[in-house]
$ cat start_6.json   # JSON, C-alpha atoms
[["chain", "number", "residue", "atom", "x", "y", "z"],
["A", 1, "MET", "CA", 0.00, 0.00, 0.00],
["A", 2, "SER", "CA", 1.32, 3.45, -0.86],
["A", 3, "ALA", "CA", 2.29, 5.96, 1.84],
["A", 4, "VAL", "CA", -0.65, 8.17, 0.87],
["A", 5, "TRP", "CA", -3.20, 5.43, 1.53],
["A", 6, "VAL", "CA", -1.56, 4.48, 4.83],
["A", 7, "VAL", "CA", -1.91, 8.10, 5.99],
["A", 8, "VAL", "CA", -5.50, 8.40, 4.74],
["A", 9, "LEU", "CA", -6.65, 5.17, 6.42],
["A", 10, "VAL", "CA", -4.80, 5.65, 9.73],
["A", 11, "VAL", "CA", -5.87, 9.29, 10.10],
["A", 12, "GLY", "CA", -9.43, 8.36, 9.11],
["A", 13, "ALA", "CA", -9.65, 5.58, 11.70],
["A", 14, "ALA", "CA", -8.10, 7.78, 14.40],
["A", 15, "THR", "CA", -10.49, 10.65, 13.70],
["A", 16, "VAL", "CA", -13.56, 8.39, 13.65],
["A", 17, "SER", "CA", -12.49, 7.09, 17.09],
["A", 18, "LEU", "CA", -11.80, 10.58, 18.48],
["A", 19, "LYS", "CA", -15.22, 11.87, 17.37],
["A", 20, "ALA", "CA", -16.89, 8.79, 18.85],
["A", 21, "THR", "CA", -15.16, 9.15, 22.24],
["A", 22, "GLY", "CA", -17.96, 10.97, 24.06],
["A", 23, "PRO", "CA", -21.04, 9.54, 22.30],
["A", 24, "VAL", "CA", -19.88, 5.90, 22.39],
["A", 25, "LEU", "CA", -18.21, 5.80, 25.82],
["A", 26, "LEU", "CA", -20.47, 8.23, 27.69],
["A", 27, "GLY", "CA", -23.73, 8.41, 25.70],
["A", 28, "ASN", "CA", -26.76, 7.03, 27.53],
["A", 29, "ARG", "CA", -25.04, 7.89, 30.82],
["A", 30, "ARG", "CA", -25.38, 10.87, 33.13],
["A", 31, "LEU", "CA", -22.21, 12.63, 34.20],
["A", 32, "PRO", "CA", -21.72, 13.13, 37.94],
["A", 33, "GLY", "CA", -22.64, 16.66, 39.09],
["A", 34, "SER", "CA", -19.09, 17.56, 40.04],
["A", 35, "VAL", "CA", -17.87, 16.93, 36.47],
["A", 36, "SER", "CA", -20.83, 18.52, 34.67],
["A", 37, "GLY", "CA", -19.71, 22.02, 35.69],
["A", 38, "ALA", "CA", -16.40, 21.46, 33.91],
["A", 39, "VAL", "CA", -17.98, 19.87, 30.82],
["A", 40, "ALA", "CA", -20.34, 22.87, 30.57],
["A", 41, "LEU", "CA", -17.30, 25.13, 30.18],
["A", 42, "LEU", "CA", -15.76, 23.04, 27.36],
["A", 43, "ALA", "CA", -17.71, 24.93, 24.68],
["A", 44, "PRO", "CA", -16.60, 28.49, 25.57],
["A", 45, "VAL", "CA", -13.05, 27.32, 26.31],
["A", 46, "LEU", "CA", -12.60, 25.39, 23.04],
["A", 47, "LEU", "CA", -14.30, 28.12, 20.99],
["A", 48, "ALA", "CA", -11.89, 30.69, 22.45],
["A", 49, "ALA", "CA", -8.95, 28.43, 21.60],
["A", 50, "LEU", "CA", -10.25, 27.97, 18.01],
["A", 51, "VAL", "CA", -10.62, 31.75, 17.59],
["A", 52, "VAL", "CA", -7.05, 32.32, 18.79],
["A", 53, "THR", "CA", -5.37, 29.52, 16.81],
["A", 54, "GLN", "CA", -7.21, 30.31, 13.57],
["A", 55, "THR", "CA", -6.64, 34.06, 13.83],
["A", 56, "VAL", "CA", -2.93, 34.22, 14.71],
["A", 57, "GLY", "CA", -1.76, 30.60, 14.50],
["A", 58, "GLY", "CA", 1.11, 29.81, 12.13],
["A", 59, "ASP", "CA", 3.71, 27.13, 11.66],
["A", 60, "ASN", "CA", 5.16, 27.18, 15.20],
["A", 61, "GLU", "CA", 4.84, 30.97, 15.37],
["A", 62, "LEU", "CA", 2.32, 33.72, 15.87],
["A", 63, "VAL", "CA", 1.38, 35.27, 12.53],
["A", 64, "LEU", "CA", -0.34, 38.65, 12.29],
["A", 65, "ASP", "CA", -1.85, 38.91, 8.81],
["A", 66, "ALA", "CA", -5.06, 39.69, 6.92],
["A", 67, "ARG", "CA", -7.01, 37.21, 9.07],
["A", 68, "LEU", "CA", -6.76, 39.64, 11.99],
["A", 69, "ALA", "CA", -8.48, 42.38, 9.94],
["A", 70, "GLY", "CA", -11.20, 39.92, 8.95],
["A", 71, "VAL", "CA", -11.86, 38.83, 12.51],
["A", 72, "GLY", "CA", -11.81, 42.50, 13.60],
["A", 73, "ALA", "CA", -14.51, 43.33, 11.04],
["A", 74, "GLY", "CA", -16.43, 40.26, 12.21],
["A", 75, "ALA", "CA", -16.17, 41.49, 15.81],
["A", 76, "VAL", "CA", -17.70, 44.85, 14.85],
["A", 77, "ALA", "CA", -20.56, 43.04, 13.08],
["A", 78, "ILE", "CA", -21.07, 40.87, 16.17],
["A", 79, "ALA", "CA", -21.13, 43.97, 18.39],
["A", 80, "VAL", "CA", -23.97, 45.51, 16.35],
["A", 81, "ARG", "CA", -25.84, 42.17, 16.46],
["A", 82, "ALA", "CA", -25.59, 41.44, 12.75],
["A", 83, "PRO", "CA", -26.86, 38.00, 11.61],
["A", 84, "LEU", "CA", -24.32, 35.18, 11.59],
["A", 85, "ALA", "CA", -24.25, 35.03, 7.78],
["A", 86, "VAL", "CA", -23.33, 38.74, 7.62],
["A", 87, "VAL", "CA", -20.53, 38.21, 10.15],
["A", 88, "VAL", "CA", -19.05, 35.35, 8.11],
["A", 89, "VAL", "CA", -19.29, 37.07, 4.71],
["A", 90, "LEU", "CA", -17.99, 40.40, 6.05],
["A", 91, "ALA", "CA", -15.02, 38.67, 7.71],
["A", 92, "ALA", "CA", -14.16, 36.80, 4.50],
["A", 93, "ALA", "CA", -14.47, 39.94, 2.34],
["A", 94, "THR", "CA", -12.36, 42.02, 4.74],
["A", 95, "THR", "CA", -9.68, 39.31, 4.91],
["A", 96, "ALA", "CA", -9.55, 39.10, 1.12],
["A", 97, "LEU", "CA", -9.41, 42.90, 0.79],
["A", 98, "ALA", "CA", -6.69, 43.29, 3.42],
["A", 99, "ARG", "CA", -4.67, 40.62, 1.62],
["A", 100, "VAL", "CA", -4.92, 42.48, -1.67],
["A", 101, "LEU", "CA", -3.93, 45.79, -0.03],
["A", 102, "ALA", "CA", -1.04, 44.33, 1.97],
["B", 1, "MET", "CA", -27.79, 36.85, 17.09],
["B", 2, "SER", "CA", -30.47, 36.24, 19.68],
["B", 3, "ALA", "CA", -29.63, 34.96, 23.14],
["B", 4, "PRO", "CA", -29.60, 32.36, 24.58],
["B", 5, "GLY", "CA", -28.64, 30.80, 21.26],
["B", 6, "LEU", "CA", -29.92, 29.93, 17.86],
["B", 7, "ASP", "CA", -33.27, 28.21, 17.51],
["B", 8, "SER", "CA", -33.31, 25.17, 15.25],
["B", 9, "ARG", "CA", -34.46, 27.07, 12.16],
["B", 10, "GLY", "CA", -32.05, 29.94, 12.72],
["B", 11, "GLY", "CA", -29.29, 27.41, 13.29],
["B", 12, "LEU", "CA", -29.97, 25.59, 10.05],
["B", 13, "ARG", "CA", -30.21, 28.87, 8.12],
["B", 14, "SER", "CA", -26.79, 29.87, 9.43],
["B", 15, "ALA", "CA", -25.56, 26.40, 8.56],
["B", 16, "ALA", "CA", -26.44, 27.00, 4.91],
["B", 17, "THR", "CA", -24.12, 30.03, 4.75],
["B", 18, "ILE", "CA", -21.37, 28.12, 6.49],
["B", 19, "ALA", "CA", -21.92, 25.13, 4.19],
["B", 20, "ALA", "CA", -21.20, 27.35, 1.20],
["B", 21, "THR", "CA", -17.93, 28.44, 2.83],
["B", 22, "VAL", "CA", -17.07, 24.85, 3.69],
["B", 23, "TRP", "CA", -17.83, 23.77, 0.11],
["B", 24, "PHE", "CA", -15.18, 26.15, -1.25],
["B", 25, "PHE", "CA", -12.80, 25.01, 1.46],
["B", 26, "GLY", "CA", -13.41, 21.37, 0.45],
["B", 27, "ALA", "CA", -12.83, 22.24, -3.20],
["B", 28, "SER", "CA", -9.51, 23.86, -2.33],
["B", 29, "PHE", "CA", -8.57, 20.76, -0.31],
["B", 30, "GLY", "CA", -9.26, 18.57, -3.36],
["B", 31, "LEU", "CA", -7.14, 20.85, -5.53],
["B", 32, "VAL", "CA", -4.23, 21.05, -3.07],
["B", 33, "ALA", "CA", -4.34, 17.30, -2.31],
["B", 34, "ARG", "CA", -4.16, 16.42, -5.97],
["B", 35, "ALA", "CA", -1.27, 18.84, -6.49],
["B", 36, "ALA", "CA", 0.50, 17.19, -3.53],
["B", 37, "GLY", "CA", 0.41, 13.86, -5.34],
["B", 38, "MET", "CA", -2.44, 12.22, -3.42],
["B", 39, "GLY", "CA", -4.31, 11.23, -6.59],
["B", 40, "SER", "CA", -8.08, 11.45, -6.95],
["B", 41, "TRP", "CA", -9.56, 8.77, -4.72],
["B", 42, "ALA", "CA", -7.44, 9.22, -1.59],
["B", 43, "PRO", "CA", -8.54, 12.85, -1.03],
["B", 44, "LEU", "CA", -12.20, 11.82, -1.46],
["B", 45, "VAL", "CA", -11.88, 8.90, 0.96],
["B", 46, "MET", "CA", -10.10, 11.19, 3.39],
["B", 47, "SER", "CA", -12.87, 13.82, 3.26],
["B", 48, "ALA", "CA", -15.50, 11.11, 3.75],
["B", 49, "THR", "CA", -13.78, 9.52, 6.76],
["B", 50, "THR", "CA", -11.71, 12.25, 8.45],
["B", 51, "PHE", "CA", -14.11, 15.17, 7.73],
["B", 52, "ALA", "CA", -11.91, 17.76, 9.45],
["B", 53, "GLY", "CA", -10.38, 20.52, 7.36],
["B", 54, "SER", "CA", -7.31, 21.59, 9.29],
["B", 55, "ALA", "CA", -5.95, 18.04, 9.70],
["B", 56, "GLN", "CA", -6.53, 17.25, 6.03],
["B", 57, "PHE", "CA", -4.70, 20.39, 4.89],
["B", 58, "ALA", "CA", -1.83, 19.55, 7.25],
["B", 59, "VAL", "CA", -1.52, 16.11, 5.66],
["B", 60, "THR", "CA", -1.36, 17.55, 2.15],
["B", 61, "SER", "CA", 1.34, 20.05, 3.07],
["B", 62, "ILE", "CA", 3.48, 17.42, 4.82],
["B", 63, "LEU", "CA", 3.07, 14.77, 2.09],
["B", 64, "GLY", "CA", 3.71, 17.40, -0.58],
["B", 65, "ALA", "CA", 6.90, 18.63, 1.06],
["B", 66, "SER", "CA", 8.60, 15.62, 2.65],
["B", 67, "ALA", "CA", 6.54, 12.49, 2.04],
["B", 68, "SER", "CA", 7.01, 11.50, 5.69],
["B", 69, "THR", "CA", 4.17, 9.14, 6.56],
["B", 70, "ALA", "CA", 4.76, 9.28, 10.31],
["B", 71, "ALA", "CA", 4.95, 13.08, 10.42],
["B", 72, "ALA", "CA", 1.73, 13.42, 8.43],
["B", 73, "ILE", "CA", -0.14, 11.00, 10.70],
["B", 74, "ALA", "CA", 1.19, 12.59, 13.90],
["B", 75, "ALA", "CA", 0.26, 16.11, 12.80],
["B", 76, "ALA", "CA", -3.25, 15.12, 11.76],
["B", 77, "VAL", "CA", -3.98, 13.11, 14.90],
["B", 78, "LEU", "CA", -2.74, 15.96, 17.12],
["B", 79, "LEU", "CA", -4.89, 18.43, 15.20],
["B", 80, "ASN", "CA", -7.94, 16.21, 15.64],
["B", 81, "ALA", "CA", -7.27, 15.36, 19.30],
["B", 82, "ARG", "CA", -9.62, 18.24, 20.17],
["B", 83, "TYR", "CA", -12.49, 16.01, 19.05],
["B", 84, "ALA", "CA", -12.11, 13.96, 22.23],
["B", 85, "PRO", "CA", -13.13, 16.88, 24.53],
["B", 86, "ILE", "CA", -15.55, 18.24, 21.88],
["B", 87, "SER", "CA", -17.36, 14.91, 21.61],
["B", 88, "ILE", "CA", -17.46, 14.56, 25.41],
["B", 89, "SER", "CA", -19.21, 17.97, 25.61],
["B", 90, "VAL", "CA", -22.10, 16.67, 23.45],
["B", 91, "ALA", "CA", -22.12, 13.03, 24.63],
["B", 92, "SER", "CA", -25.52, 13.36, 26.37],
["B", 93, "LEU", "CA", -27.25, 14.05, 23.01],
["B", 94, "PHE", "CA", -26.52, 10.55, 21.72],
["B", 95, "HIS", "CA", -28.83, 7.66, 22.56],
["B", 96, "GLY", "CA", -29.60, 4.19, 21.36],
["B", 97, "PRO", "CA", -27.37, 1.36, 20.23],
["B", 98, "ARG", "CA", -23.60, 1.81, 20.22],
["B", 99, "LEU", "CA", -23.29, 1.53, 16.42],
["B", 100, "ARG", "CA", -25.89, 4.26, 15.91],
["B", 101, "ARG", "CA", -24.04, 6.55, 18.32],
["B", 102, "LEU", "CA", -20.78, 5.81, 16.47],
["B", 103, "VAL", "CA", -22.28, 6.72, 13.08],
["B", 104, "GLU", "CA", -24.08, 9.85, 14.33],
["B", 105, "SER", "CA", -20.96, 11.06, 16.13],
["B", 106, "GLN", "CA", -19.19, 11.38, 12.79],
["B", 107, "LEU", "CA", -21.35, 14.45, 12.07],
["B", 108, "ILE", "CA", -19.51, 16.27, 14.84],
["B", 109, "VAL", "CA", -17.25, 18.87, 13.27],
["B", 110, "ASP", "CA", -16.12, 22.24, 14.66],
["B", 111, "GLU", "CA", -18.81, 24.20, 12.84],
["B", 112, "SER", "CA", -21.79, 21.91, 13.52],
["B", 113, "TRP", "CA", -20.74, 21.63, 17.17],
["B", 114, "ALA", "CA", -20.34, 25.41, 17.54],
["B", 115, "LEU", "CA", -23.69, 26.11, 15.86],
["B", 116, "ALA", "CA", -25.45, 23.61, 18.13],
["B", 117, "SER", "CA", -24.03, 25.14, 21.30],
["B", 118, "ARG", "CA", -26.66, 27.04, 23.29],
["B", 119, "GLY", "CA", -24.43, 28.17, 26.12],
["B", 120, "ASP", "CA", -24.57, 26.89, 29.70],
["B", 121, "GLY", "CA", -23.22, 23.58, 28.42],
["B", 122, "HIS", "CA", -26.40, 22.72, 26.53],
["B", 123, "PHE", "CA", -26.47, 21.68, 22.89],
["B", 124, "ASP", "CA", -29.24, 21.28, 20.29],
["B", 125, "ARG", "CA", -29.26, 17.76, 18.84],
["B", 126, "ARG", "CA", -31.22, 18.75, 15.71],
["B", 127, "ILE", "CA", -28.75, 21.51, 14.83],
["B", 128, "LEU", "CA", -25.74, 19.31, 15.54],
["B", 129, "LEU", "CA", -26.92, 16.48, 13.28],
["B", 130, "GLY", "CA", -28.75, 18.64, 10.68],
["B", 131, "ALA", "CA", -25.88, 21.08, 10.25],
["B", 132, "GLY", "CA", -23.40, 18.21, 10.43],
["B", 133, "LEU", "CA", -25.11, 16.39, 7.56],
["B", 134, "LEU", "CA", -25.25, 19.55, 5.44],
["B", 135, "LEU", "CA", -21.59, 20.35, 6.11],
["B", 136, "TYR", "CA", -20.58, 16.73, 5.41],
["B", 137, "ALA", "CA", -22.31, 16.85, 2.01],
["B", 138, "ALA", "CA", -20.68, 20.22, 1.27],
["B", 139, "TRP", "CA", -17.21, 19.03, 2.32],
["B", 140, "VAL", "CA", -17.26, 15.78, 0.33],
["B", 141, "SER", "CA", -18.88, 17.25, -2.80],
["B", 142, "GLY", "CA", -16.53, 20.24, -2.63],
["B", 143, "THR", "CA", -13.57, 17.87, -2.45],
["B", 144, "ALA", "CA", -14.84, 15.97, -5.51],
["B", 145, "VAL", "CA", -15.13, 19.16, -7.55],
["B", 146, "GLY", "CA", -11.72, 20.33, -6.34],
["B", 147, "VAL", "CA", -10.08, 17.07, -7.39],
["B", 148, "LEU", "CA", -11.71, 17.18, -10.83],
["B", 149, "ALA", "CA", -11.75, 20.89, -11.66],
["B", 150, "GLY", "CA", -9.92, 22.67, -8.89],
["B", 151, "ASP", "CA", -7.78, 24.84, -11.13],
["B", 152, "ALA", "CA", -10.85, 26.82, -12.15],
["B", 153, "LEU", "CA", -11.68, 27.77, -8.56],
["B", 154, "GLY", "CA", -8.53, 29.58, -7.49],
["B", 155, "ASP", "CA", -6.92, 29.96, -4.07],
["B", 156, "PRO", "CA", -9.25, 29.94, -1.01],
["B", 157, "LYS", "CA", -7.04, 32.61, 0.53],
["B", 158, "ASP", "CA", -8.10, 34.98, -2.26],
["B", 159, "LEU", "CA", -11.66, 34.59, -1.00],
["B", 160, "GLY", "CA", -10.59, 35.31, 2.60],
["B", 161, "LEU", "CA", -12.05, 32.02, 3.86],
["B", 162, "ASP", "CA", -9.26, 31.65, 6.43],
["B", 163, "GLY", "CA", -10.53, 34.81, 8.12],
["B", 164, "ALA", "CA", -14.18, 33.73, 7.98],
["B", 165, "PHE", "CA", -13.89, 30.66, 10.21],
["B", 166, "PRO", "CA", -12.35, 32.36, 13.29],
["B", 167, "ALA", "CA", -14.98, 35.14, 12.99],
["B", 168, "LEU", "CA", -17.68, 32.46, 12.94],
["B", 169, "PHE", "CA", -16.31, 30.86, 16.11],
["B", 170, "LEU", "CA", -16.09, 34.30, 17.77],
["B", 171, "ALA", "CA", -19.74, 34.99, 16.90],
["B", 172, "LEU", "CA", -20.74, 31.69, 18.50],
["B", 173, "LEU", "CA", -18.52, 32.29, 21.55],
["B", 174, "VAL", "CA", -19.84, 35.74, 22.51],
["B", 175, "PRO", "CA", -23.37, 34.67, 23.56],
["B", 176, "GLN", "CA", -21.80, 32.05, 25.87],
["B", 177, "LEU", "CA", -19.95, 34.61, 27.97],
["B", 178, "ARG", "CA", -22.89, 35.69, 30.12],
["B", 179, "SER", "CA", -21.60, 34.03, 33.27],
["B", 180, "SER", "CA", -18.37, 35.35, 34.75],
["B", 181, "ARG", "CA", -17.15, 31.76, 35.18],
["B", 182, "ALA", "CA", -17.50, 31.12, 31.42],
["B", 183, "ALA", "CA", -15.79, 34.44, 30.62],
["B", 184, "VAL", "CA", -12.85, 33.66, 32.91],
["B", 185, "ALA", "CA", -12.54, 30.10, 31.56],
["B", 186, "SER", "CA", -12.57, 31.22, 27.91],
["B", 187, "LEU", "CA", -10.00, 33.93, 28.61],
["B", 188, "ALA", "CA", -7.80, 31.30, 30.27],
["B", 189, "GLY", "CA", -8.34, 28.89, 27.35],
["B", 190, "GLY", "CA", -7.55, 31.56, 24.76],
["B", 191, "GLY", "CA", -4.47, 32.58, 26.77],
["B", 192, "ILE", "CA", -3.18, 29.01, 26.99],
["B", 193, "ALA", "CA", -3.62, 28.57, 23.24],
["B", 194, "LEU", "CA", -1.87, 31.87, 22.49],
["B", 195, "ALA", "CA", 1.07, 31.02, 24.74],
["B", 196, "LEU", "CA", 1.53, 27.53, 23.25],
["B", 197, "ILE", "CA", 1.23, 28.35, 19.51],
["B", 198, "PRO", "CA", 4.94, 29.28, 19.17],
["B", 199, "VAL", "CA", 6.27, 26.35, 21.20],
["B", 200, "THR", "CA", 4.14, 23.26, 20.44],
["B", 201, "PRO", "CA", 3.04, 21.44, 17.28],
["B", 202, "ALA", "CA", -0.30, 22.60, 15.83],
["B", 203, "GLY", "CA", -3.25, 21.01, 17.60],
["B", 204, "VAL", "CA", -1.63, 20.89, 21.04],
["B", 205, "PRO", "CA", -2.62, 24.49, 21.95],
["B", 206, "ILE", "CA", -6.33, 23.68, 21.53],
["B", 207, "VAL", "CA", -6.21, 20.45, 23.53],
["B", 208, "ALA", "CA", -4.16, 22.09, 26.30],
["B", 209, "ALA", "CA", -6.63, 24.99, 26.38],
["B", 210, "ALA", "CA", -9.42, 22.51, 27.19],
["B", 211, "ALA", "CA", -7.84, 22.19, 30.65],
["B", 212, "ALA", "CA", -9.26, 25.64, 31.45],
["B", 213, "CYS", "CA", -12.69, 24.00, 31.79],
["B", 214, "LEU", "CA", -11.46, 22.51, 35.09],
["B", 215, "ILE", "CA", -12.36, 25.91, 36.61],
["B", 216, "GLY", "CA", -15.90, 24.54, 36.64],
["B", 217, "LEU", "CA", -15.00, 21.30, 38.43],
["B", 218, "GLY", "CA", -17.07, 20.60, 41.51],
["B", 219, "ARG", "CA", -19.55, 23.37, 40.66],
["B", 220, "PRO", "CA", -22.65, 21.83, 39.09],
["B", 221, "ARG", "CA", -24.16, 24.08, 36.45]]
$ encode --input "start_6.json" --output "structure tokens"
Amino acid sequence: MSAVWVVVLVVGAATVSLKATGPVLLGNRRLPGSVSGAVALLAPVLLAALVVTQTVGGDNELVLDARLAGVGAGAVAIAVRAPLAVVVVLAAATTALARVLA
Amino acid sequence: MSAPGLDSRGGLRSAATIAATVWFFGASFGLVARAAGMGSWAPLVMSATTFAGSAQFAVTSILGASASTAAAIAAAVLLNARYAPISISVASLFHGPRLRRLVESQLIVDESWALASRGDGHFDRRILLGAGLLLYAAWVSGTAVGVLAGDALGDPKDLGLDGAFPALFLALLVPQLRSSRAAVASLAGGGIALALIPVTPAGVPIVAAAAACLIGLGRPR
């Protein structure tokens, strides 16, 4: 089997397992109260980490580029309570524009 | 966006916009994967099984540059390690036989998970699975078009898509910051990620940031 297929199949199997972790191991079961407070915070914590890594994440370095302008424009749209679709399109357009200007 | 979160219809409407973005992203993956020497079928199989953009792009760049199988696998698995905590956060939505839970859980992807989040640790099952199915179709069909006709579509960076996804996650984060505990935890998580980006392989900052949720330990919601 070629190296490409080994990577595709191993990564595929690993990702299927990772996504199934919670639903297969914990589904149908109630978490103890002491843990539920922590699990409830997973969403805001992971969303914040995704925002940070996708805005300034680079190859082992912080990168400040057009993405920052896009997210900034998105933040303004969020502040004025624009619909989600407007936030996404505005952020993409601003990123593309900043990239052309830079 | 209305607090405390999106209703099912609003969630699915937003999902349609995001699906269009994901479609272009999938097309660019197909194009890049083919250029990296992955052929036509391997990128399609990868989109259908892995269904996670950042890990798939990492694989193409590593295989294209060095052809190191181990490095490509390690990078992708690290990038997708976040799906362990993400899937734990929505575990209570999955019922029924184990095989059914396994299949349904494959519709968990950053965007469907974020759209389904209602704050306070609650998630909407219909949005998670509905948006997940829509995004899955967009990702796989986008990949197919990218593999076959990618040259006509151009570079996703020209469309600014890489700035659209973090803005989306920010929009879905803001309504969740009503409690001071959630605000403190997300600041801590963002700070951990920021500090680790320069010193760890990609993927590690997000998983390490998940530790910030321990602030809520022992305090039932």
$ residues_around --input "start_6.json" --residues "region 173-181 of chain B" --least-positions-apart "6" --cutoff "10 Å" --atoms "only C-alpha atoms" --output "PyMOL selection string"
(chain A and resi 41+43-48+50-51+75+78-79) or (chain B and resi 1-6+114-115+117-121+167+187+213+215-216)
$ atom_distance --input "start_6.json" --atom1 "CA of Ala81 (chain B)" --atom2 "CA of Gly37 (chain B)"
25.9 Å
$ closest_residue --input "start_6.json" --among "B:Ala171, B:Ala193, B:Leu161, B:Ala209" --to "Val76 (chain A)" --atoms "all atoms listed in the file"
B:Ala171
$ residues_around --input "start_6.json" --residues "region 139-147 of chain B" --least-positions-apart "6" --cutoff "10 Å" --atoms "only C-alpha atoms" --output "MDAnalysis selection string"
chainID B and resid 19:35 38:41 43:49 51:53 133 153:154
$ closest_residue --input "start_6.json" --among "B:Ser61, B:Ser112, B:Ser66, B:Asn80" --to "chain A" --atoms "only C-alpha atoms"
B:Asn80
$ closest_residue --input "start_6.json" --among "B:Gly130, B:Gly64, B:Gly160, B:Pro97" --to "Ala98 (chain A)" --atoms "all atoms listed in the file"
B:Gly160
$ closest_residue --input "start_6.json" --among "A:Ala38, A:Val86, A:Ala73, A:Thr94" --to "chain B" --atoms "all atoms listed in the file"
A:Ala38
$ residues_around --input "start_6.json" --residues "region 1-13 of chain A" --least-positions-apart "3" --cutoff "7 Å" --atoms "only C-alpha atoms" --output "ChimeraX atom specification"
/A:16-17 /B:38,42,46,49-50,69,72-73,76-77
$ atom_distance --input "start_6.json" --atom1 "CA of Gly190 (chain B)" --atom2 "CA of Val63 (chain A)"
15.6 Å
$ atom_distance --input "start_6.json" --atom1 "CA of Pro205 (chain B)" --atom2 "CA of Phe169 (chain B)"
16.2 Å
$ residues_near_point --input "start_6.json" --point "(-21.8, 7.1, 26.7)" --cutoff "12 Å" --atoms "all atoms listed in the file" --output "list in words"
Ala20, Thr21, Gly22, Pro23, Val24, Leu25, Leu26, Gly27, Asn28, Arg29, Arg30 and Leu31 of chain A; Ser87, Ile88, Ser89, Val90, Ala91, Ser92, Leu93, Phe94, His95, Gly96, Pro97, Arg98, Leu99, Arg100, Arg101, Leu102 and Ser105 of chain B
$ closest_residue --input "start_6.json" --among "A:Val35, A:Val80, A:Leu64, A:Leu101" --to "chain B" --atoms "all atoms listed in the file"
A:Val35
$ closest_residue --input "start_6.json" --among "A:Ala40, A:Thr55, A:Pro83, A:Pro32" --to "Pro85 (chain B)" --atoms "all atoms listed in the file"
A:Ala40
$ build_atoms --input "start_6.json" --residues "region 27-40 of chain A" --atoms "N, CA and C atoms" --output "short mmCIF file (atom, residue, chain, number, x, y, z; two decimals), in the frame of the given file"
data_model
loop_
_atom_site.label_atom_id
_atom_site.label_comp_id
_atom_site.auth_asym_id
_atom_site.auth_seq_id
_atom_site.Cartn_x
_atom_site.Cartn_y
_atom_site.Cartn_z
N GLY A 27 -22.33 8.25 26.07
CA GLY A 27 -23.73 8.41 25.70
C GLY A 27 -24.60 7.48 26.54
N ASN A 28 -25.84 7.84 26.72
CA ASN A 28 -26.76 7.03 27.53
C ASN A 28 -26.44 7.10 29.02
N ARG A 29 -25.44 7.87 29.42
CA ARG A 29 -25.04 7.89 30.82
C ARG A 29 -25.02 9.33 31.32
N ARG A 30 -25.42 9.52 32.56
CA ARG A 30 -25.38 10.87 33.13
C ARG A 30 -24.05 11.12 33.79
N LEU A 31 -23.47 12.30 33.56
CA LEU A 31 -22.21 12.63 34.20
C LEU A 31 -22.48 13.03 35.65
N PRO A 32 -21.56 12.68 36.56
CA PRO A 32 -21.72 13.13 37.94
C PRO A 32 -21.73 14.66 38.02
N GLY A 33 -22.47 15.21 38.98
CA GLY A 33 -22.64 16.66 39.09
C GLY A 33 -21.33 17.42 39.17
N SER A 34 -20.35 16.84 39.86
CA SER A 34 -19.09 17.56 40.04
C SER A 34 -18.36 17.76 38.72
N VAL A 35 -18.56 16.84 37.76
CA VAL A 35 -17.87 16.93 36.47
C VAL A 35 -18.66 17.80 35.49
N SER A 36 -20.00 17.84 35.66
CA SER A 36 -20.83 18.52 34.67
C SER A 36 -20.50 20.01 34.59
N GLY A 37 -20.09 20.61 35.71
CA GLY A 37 -19.71 22.02 35.69
C GLY A 37 -18.51 22.27 34.79
N ALA A 38 -17.58 21.33 34.77
CA ALA A 38 -16.40 21.46 33.91
C ALA A 38 -16.77 21.21 32.46
N VAL A 39 -17.59 20.18 32.20
CA VAL A 39 -17.98 19.87 30.82
C VAL A 39 -18.76 21.04 30.21
N ALA A 40 -19.56 21.73 31.06
CA ALA A 40 -20.34 22.87 30.57
C ALA A 40 -19.43 23.99 30.07
#
